[in-house]
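Down below is the structure, laid out as structure tokens.
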Amino acid sequence: MSRLLLPVTPIYGHIVPLLGIGRGLVARGHQVSVLTGRKYAAAVAAGGMSFRPLPLAAEFDDADLDSWLPGRHGRSRLAAGLHDIVGFFVRPLPAQHAALRQELAVGNYDAVLGDVAFLGALPVLLGTPPASRVPILGVSATPLSVVSVDCAPFGSGMLPGNSVFSRSRNRQIDALLRLGPLRPLQRALDAAHVPYGVPAGRLRYFDHVLAFDTTFQLAPPGFEYPRRDLPDCVIRFVGPVRSDLTLEPDLPRWWADLDGSPPVVHVTQGTVANADLGQLLLPTLRALAGEDLLVVAATGGRSPAALMSALGGAIPANARLADFLPYAKLLPRTAVMVTNGGYGGVVQALRYGVPLVVAGRSEDKPEVAARVAWSGAGLNLHTDRPAETRLRRAVRTVLDQPSYRVGASRLQREIDVLGDPVAAIANELEAVIAARRPERL
């Protein structure tokens, strides 16, 4: 039995897979503590783990992000993305770091398994030799952002290409962004590191996953762009955490309707970019209202009543609504998933071989959408407000053309070959701890 600390950014898409991993570690006999926001204290306890609260300077409510970080709207996509990265990930770094150091000082932990977006771990990783600290491993629940000549800069949503021209293009765009629009982001990260003696430029922001002793990428390798310069010893692809390892919602009363003959189309805007359900849920319900399909919509915690109100008080006869749905039960019955590109939901769909229609432009969603198209697992609509006619045509295309199901099934097979990601992570943790224990005696 080992004592493990899981520091996690208090955002649903980061919390869910880490809690799934934590539950698996508890089942193997380990003592697990989770350092995160108070909103998730009950979920931590329900998984048999101990809750450790983040300081208020590092805690925000992911259902009300505008309160924590005003001014998020009305900016260009690049400016909005940088504003969010600094506000949600760089700004909390000092408070996260203080909480992490406090826990390490009193908790007698054998290892840390952190959400890689929890940047408070970076000063320890960059400032303390591995032999003088506990192992700190990371879990990545977002697309891999590592800078490479083989990929366009993260956030661009551009496909990588495999020619001399595309590699030259990637170098030039990276240089222009690094010296221009991305400079404030790097300066913010460097400034946050100053109190801990980390030299400026020691780590580029988009390479932060490489600072961890090992980073577990929660996706199959075929869903990520090849990078010839990616160190194999740092990044390990383990596939998505099974959603049935997390706390699943109860089945809605209409669940038996999914046993019928019409193909099921699931539509979601995730749990973050869902304040305006008119972006994707509303047009999808309207677009598919006359089709011989069963449309299952999840509002991601928003009130289904708000969506019904926007529809005029009545939902289409072929639609079913819920705030959350159990993916382990829903996705095996799903023919197509329409999504704004949340990484966690997309890789869960791929776990069951479900092809996708993706319409998202905020956060990391353009990168997710680009990977869906690049891997052949679905269509990228390149917008977060698709027209109804375009949505109907896209869903019909993915339903009727076998190539998209083939692409999603290929990634499903990769995930199956990888096996249980929780077991892979636990085995690595246990091996690292066992190798270090003689040093601690």
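Ligands are numbered from 1 in the order shown, residues from 1 within each chain, and chains are lettered A, B, ... in the order they appear in the structure tokens.
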Exercise. If you count only C-alpha atoms, which residues fall within 7 Å of A:Gln217, apart from same-chain ones fewer than 6 positions away, as a list in words?
Worked result: Val139, Ser140, Ala141, Ile235, Arg236, Phe237, Val238 and Gly239 of chain A
Using only all heavy atoms, please write the residues we just selected to a file, as a short mmCIF file (atom, residue, chain, number, x, y, z; two decimals), in the first residue's frame.
```
data_model
loop_
_atom_site.label_atom_id
_atom_site.label_comp_id
_atom_site.auth_asym_id
_atom_site.auth_seq_id
_atom_site.Cartn_x
_atom_site.Cartn_y
_atom_site.Cartn_z
N VAL A 139 -1.09 13.23 -15.84
CA VAL A 139 -2.19 12.68 -16.64
C VAL A 139 -2.69 13.79 -17.54
O VAL A 139 -3.06 14.87 -17.06
CB VAL A 139 -3.33 12.15 -15.76
CG1 VAL A 139 -4.50 11.70 -16.63
CG2 VAL A 139 -2.85 11.01 -14.88
N SER A 140 -2.72 13.55 -18.84
CA SER A 140 -3.15 14.56 -19.80
C SER A 140 -4.52 14.21 -20.34
O SER A 140 -4.70 13.19 -21.03
CB SER A 140 -2.15 14.66 -20.96
OG SER A 140 -2.63 15.56 -21.95
N ALA A 141 -5.51 15.06 -20.03
CA ALA A 141 -6.88 14.87 -20.49
C ALA A 141 -7.25 15.89 -21.55
O ALA A 141 -8.41 16.27 -21.71
CB ALA A 141 -7.84 14.96 -19.31
N ILE A 235 6.13 10.39 -22.67
CA ILE A 235 4.71 10.31 -23.01
C ILE A 235 4.33 8.85 -23.22
O ILE A 235 4.93 8.14 -24.03
CB ILE A 235 4.39 11.10 -24.29
CG1 ILE A 235 4.87 12.55 -24.16
CG2 ILE A 235 2.89 11.05 -24.58
CD1 ILE A 235 4.18 13.34 -23.09
N ARG A 236 3.29 8.40 -22.50
CA ARG A 236 2.76 7.06 -22.68
C ARG A 236 1.28 7.14 -23.02
O ARG A 236 0.51 7.71 -22.24
CB ARG A 236 2.96 6.21 -21.41
CG ARG A 236 4.38 5.72 -21.20
CD ARG A 236 4.41 4.63 -20.15
NE ARG A 236 3.50 3.54 -20.51
CZ ARG A 236 3.09 2.60 -19.65
NH1 ARG A 236 3.47 2.65 -18.39
NH2 ARG A 236 2.29 1.64 -20.06
N PHE A 237 0.90 6.60 -24.14
CA PHE A 237 -0.51 6.56 -24.53
C PHE A 237 -1.16 5.36 -23.85
O PHE A 237 -0.74 4.21 -24.05
CB PHE A 237 -0.64 6.45 -26.05
CG PHE A 237 -0.22 7.68 -26.78
CD1 PHE A 237 1.09 7.85 -27.20
CD2 PHE A 237 -1.14 8.69 -27.05
CE1 PHE A 237 1.49 8.99 -27.87
CE2 PHE A 237 -0.76 9.84 -27.72
CZ PHE A 237 0.56 9.99 -28.14
N VAL A 238 -2.19 5.64 -23.06
CA VAL A 238 -2.85 4.56 -22.32
C VAL A 238 -4.33 4.43 -22.65
O VAL A 238 -5.00 3.51 -22.18
CB VAL A 238 -2.68 4.74 -20.79
CG1 VAL A 238 -1.22 4.63 -20.39
CG2 VAL A 238 -3.27 6.06 -20.32
N GLY A 239 -4.88 5.35 -23.45
CA GLY A 239 -6.29 5.30 -23.79
C GLY A 239 -7.16 5.96 -22.74
O GLY A 239 -6.70 6.30 -21.65
#
```
Exercise. Can you tell me, as number ranges by chain, what residues are no more than 9 Å from A:Arg228 when counting only C-alpha atoms, ignoring any on the same chain fewer than 6 positions away?
Worked result: A: 148-150
Seminar exercise, completed: Between atom CA of A:Ala287 and atom CA of A:Ala369 lies a distance of 20.5 Å
Exercise. So which residues of stretch 178-284 of chain A fall under alpha helix (DSSP H) by DSSP, listed as number ranges by chain?
Worked result: A: 178-179, 183-193, 281-284
Exercise. Within 9 Å of A:Pro304, counting only C-alpha atoms, which residues qualify if same-chain residues fewer than 3 places away don't, as JSON, numbers by chain?
Worked result: {"A": [298, 299, 301, 307, 308, 309, 321, 322, 323]}
Please save N, CA and C atoms of the selected residues as a CSV table (one decimal), in the first residue's frame.
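Done, and the output landed in selection.csv:
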```
chain,number,residue,atom,x,y,z
A,298,ALA,N,-27.7,15.8,-24.2
A,298,ALA,CA,-27.3,16.1,-22.8
A,298,ALA,C,-26.9,17.5,-22.6
A,299,THR,N,-27.4,18.2,-21.6
A,299,THR,CA,-27.1,19.6,-21.4
A,299,THR,C,-25.9,19.9,-20.5
A,301,GLY,N,-25.3,19.6,-17.3
A,301,GLY,CA,-25.5,20.2,-16.1
A,301,GLY,C,-26.4,21.4,-16.2
A,307,LEU,N,-33.5,24.6,-22.4
A,307,LEU,CA,-33.5,24.2,-23.8
A,307,LEU,C,-34.9,24.0,-24.3
A,308,MET,N,-35.8,23.5,-23.5
A,308,MET,CA,-37.2,23.4,-23.9
A,308,MET,C,-37.8,24.7,-24.1
A,309,SER,N,-37.4,25.7,-23.3
A,309,SER,CA,-37.9,27.0,-23.5
A,309,SER,C,-37.5,27.7,-24.8
A,321,LEU,N,-34.2,14.3,-23.6
A,321,LEU,CA,-33.3,15.2,-22.9
A,321,LEU,C,-32.9,14.7,-21.6
A,322,ALA,N,-31.7,15.1,-21.1
A,322,ALA,CA,-31.2,14.8,-19.8
A,322,ALA,C,-30.1,15.8,-19.5
A,323,ASP,N,-29.7,16.0,-18.2
A,323,ASP,CA,-28.6,16.9,-18.0
A,323,ASP,C,-27.3,16.1,-18.1
```
Per residue of stretch 223-331 of chain A within 10 Å of stretch 155-160 of chain A, what are the shortest atom pair and its distance in Å to one decimal, counting only C-alpha atoms, with rows by chain and residue number, as a tab-separated table?
```
residue	atom	partner	partner_atom	distance
A:Tyr225	CA	A:Pro160	CA	7.0
A:Pro226	CA	A:Pro160	CA	8.7
A:Arg227	CA	A:Pro160	CA	9.7
```
Selection from above, all heavy atoms, as a PDB file, in the first residue's frame, can you write it?
```
ATOM      1  N   TYR A 225      -1.150  13.461 -33.448  1.00  0.00           N
ATOM      2  CA  TYR A 225      -0.244  13.682 -34.566  1.00  0.00           C
ATOM      3  C   TYR A 225       1.125  13.064 -34.274  1.00  0.00           C
ATOM      4  O   TYR A 225       1.675  13.232 -33.166  1.00  0.00           O
ATOM      5  CB  TYR A 225      -0.061  15.172 -34.821  1.00  0.00           C
ATOM      6  CG  TYR A 225      -1.339  15.925 -35.116  1.00  0.00           C
ATOM      7  CD1 TYR A 225      -1.530  17.224 -34.650  1.00  0.00           C
ATOM      8  CD2 TYR A 225      -2.352  15.346 -35.883  1.00  0.00           C
ATOM      9  CE1 TYR A 225      -2.689  17.930 -34.940  1.00  0.00           C
ATOM     10  CE2 TYR A 225      -3.518  16.047 -36.173  1.00  0.00           C
ATOM     11  CZ  TYR A 225      -3.683  17.334 -35.691  1.00  0.00           C
ATOM     12  OH  TYR A 225      -4.831  18.025 -35.963  1.00  0.00           O
ATOM     13  N   PRO A 226       1.731  12.391 -35.245  1.00  0.00           N
ATOM     14  CA  PRO A 226       3.094  11.859 -35.044  1.00  0.00           C
ATOM     15  C   PRO A 226       4.089  13.004 -34.883  1.00  0.00           C
ATOM     16  O   PRO A 226       4.015  14.014 -35.581  1.00  0.00           O
ATOM     17  CB  PRO A 226       3.364  11.080 -36.337  1.00  0.00           C
ATOM     18  CG  PRO A 226       2.013  10.853 -36.953  1.00  0.00           C
ATOM     19  CD  PRO A 226       1.176  12.025 -36.555  1.00  0.00           C
ATOM     20  N   ARG A 227       4.988  12.827 -33.953  1.00  0.00           N
ATOM     21  CA  ARG A 227       6.067  13.792 -33.727  1.00  0.00           C
ATOM     22  C   ARG A 227       7.365  13.001 -33.618  1.00  0.00           C
ATOM     23  O   ARG A 227       7.575  12.272 -32.646  1.00  0.00           O
ATOM     24  CB  ARG A 227       5.843  14.586 -32.425  1.00  0.00           C
ATOM     25  CG  ARG A 227       4.634  15.515 -32.421  1.00  0.00           C
ATOM     26  CD  ARG A 227       4.381  15.990 -31.008  1.00  0.00           C
ATOM     27  NE  ARG A 227       3.396  17.049 -30.888  1.00  0.00           N
ATOM     28  CZ  ARG A 227       2.082  16.873 -30.836  1.00  0.00           C
ATOM     29  NH1 ARG A 227       1.592  15.641 -30.916  1.00  0.00           N
ATOM     30  NH2 ARG A 227       1.263  17.893 -30.700  1.00  0.00           N
TER      31      ARG A 227
END
```
For this session: Show which residues sit within 12 Å of A:Gly419, as a list of chain:residue names. Count only C-alpha atoms, and ignore same-chain residues fewer than 3 positions away.
Result: A:Leu218, A:Ala219, A:Pro220, A:Phe237, A:Val238, A:Gly239, A:Pro240, A:Val241, A:Arg242, A:Arg351, A:Gln412, A:Arg413, A:Glu414, A:Ile415, A:Asp416, A:Val422, A:Ala423, A:Ala424, A:Ile425
Show me, as CSV, the residues of stretch 34-53 of chain A having an atom within 10 Å of stretch 111-123 of chain A, each with the closest atom pair and its distance in Å, using only C-alpha atoms.
```
residue,atom,partner,partner_atom,distance
A:Val34,CA,A:Gly114,CA,9.4
A:Leu35,CA,A:Gly114,CA,9.3
A:Thr36,CA,A:Phe118,CA,9.6
```
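Residues lying within 10 Å of stretch 76-81 of chain A, counting only C-alpha atoms and ignoring same-chain neighbours fewer than 3 positions away, are Gly71, Arg72, His73, Asp84, Ile85, Val86, Gly87, Gly155, Ser156, Pro181, Leu182, Arg361, Ser362, Glu363 and Asp364 of chain A.
Within 9 Å of stretch 250-261 of chain A, once only C-alpha atoms are used and residues closer than 6 positions along the same chain are dropped, the contacting residues are Leu293, Leu294, Arg320, Leu321, Ala322, Phe324, Leu325, Pro326, Leu330 and Arg333 of chain A.
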Find the spatial neighbours of A:Pro55, counting only C-alpha atoms, within a cut-off of 9 Å - ignore same-chain residues fewer than 3 positions away - and output them as a JSON list (two decimals) with N, CA, C and O atoms, in the first residue's frame.
```json
[["chain", "number", "residue", "atom", "x", "y", "z"],
["A", 36, "THR", "N", -8.09, 19.40, -4.77],
["A", 36, "THR", "CA", -8.87, 20.05, -5.81],
["A", 36, "THR", "C", -9.90, 20.98, -5.19],
["A", 36, "THR", "O", -9.85, 21.26, -3.99],
["A", 37, "GLY", "N", -10.86, 21.44, -6.00],
["A", 37, "GLY", "CA", -11.86, 22.39, -5.53],
["A", 37, "GLY", "C", -12.92, 21.74, -4.65],
["A", 37, "GLY", "O", -13.25, 20.57, -4.79],
["A", 58, "ALA", "N", -6.79, 29.54, -5.79],
["A", 58, "ALA", "CA", -6.64, 28.59, -6.89],
["A", 58, "ALA", "C", -7.93, 27.86, -7.19],
["A", 58, "ALA", "O", -7.95, 26.92, -7.98],
["A", 59, "GLU", "N", -9.03, 28.29, -6.60],
["A", 59, "GLU", "CA", -10.29, 27.57, -6.75],
["A", 59, "GLU", "C", -11.31, 28.42, -7.51],
["A", 59, "GLU", "O", -11.48, 29.60, -7.24],
["A", 95, "ALA", "N", -0.58, 29.69, -5.87],
["A", 95, "ALA", "CA", -1.43, 29.13, -4.81],
["A", 95, "ALA", "C", -1.46, 27.60, -4.91],
["A", 95, "ALA", "O", -1.44, 26.91, -3.88],
["A", 96, "GLN", "N", -1.50, 27.07, -6.12],
["A", 96, "GLN", "CA", -1.44, 25.62, -6.29],
["A", 96, "GLN", "C", -0.12, 25.07, -5.74],
["A", 96, "GLN", "O", -0.10, 24.04, -5.05],
["A", 98, "ALA", "N", 1.88, 26.35, -3.48],
["A", 98, "ALA", "CA", 1.93, 26.41, -2.01],
["A", 98, "ALA", "C", 1.14, 25.26, -1.40],
["A", 98, "ALA", "O", 1.58, 24.62, -0.43],
["A", 99, "ALA", "N", -0.04, 24.96, -1.96],
["A", 99, "ALA", "CA", -0.85, 23.87, -1.43],
["A", 99, "ALA", "C", -0.17, 22.52, -1.65],
["A", 99, "ALA", "O", -0.20, 21.65, -0.77]]
```
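Among the candidates A:Leu189, A:Val265, A:Ala275, A:Val90, the one nearest to A:Leu65 when counting only C-alpha atoms is A:Ala275.
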